[in-house]
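Working notes for the structure below.
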Amino acid sequence: MGHALLVYKFIEANTNSRATGPMNAMAEQIQAIEAEGWALANFAVGEGKALSGERVALICLFRRS
């Protein structure tokens, strides 16, 4: 029997945290995981600055569907 939970961190680099709009790259990655039989159950968002610029991270909890 495999795992029932998957926790995954998505990072979108070089974003303007004050701008609104679609996060297409993250949406595509979430859809790819859901296509493998996982369902997004919950998520949290974090923002930070690193040497490479502003970064947004999504921590996603998936459950087997």
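Residues in the structure tokens are numbered from 1 in each chain, the chains being A, B, ... in the order shown, and ligands are numbered from 1 in the order shown.
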(message) Please list as a ChimeraX atom specification every residue within 9 Å of range 25-37 of chain A, counting only C-alpha atoms and excluding residues in the same chain fewer than 2 positions away.
(response) /A:10-12,22-23,39-40,58,60,62-65
(message) Would you compute the distance between CA of Gly21 in chain A and CA of Phe43 in chain A? Give it in Å to one decimal.
(response) 18.0 Å
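Put simply, CA of Trp38 in chain A is 19.1 Å away from CA of Asn24 in chain A.
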(message) Residues of chain A classed as strand (DSSP E or B) by DSSP on the backbone are to be reported as a PyMOL selection string.
(response) chain A and resi 5-13+38-50+53-64
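CA of Leu5 in chain A to CA of Leu61 in chain A spans 7.0 Å [interatomic distance, one decimal].
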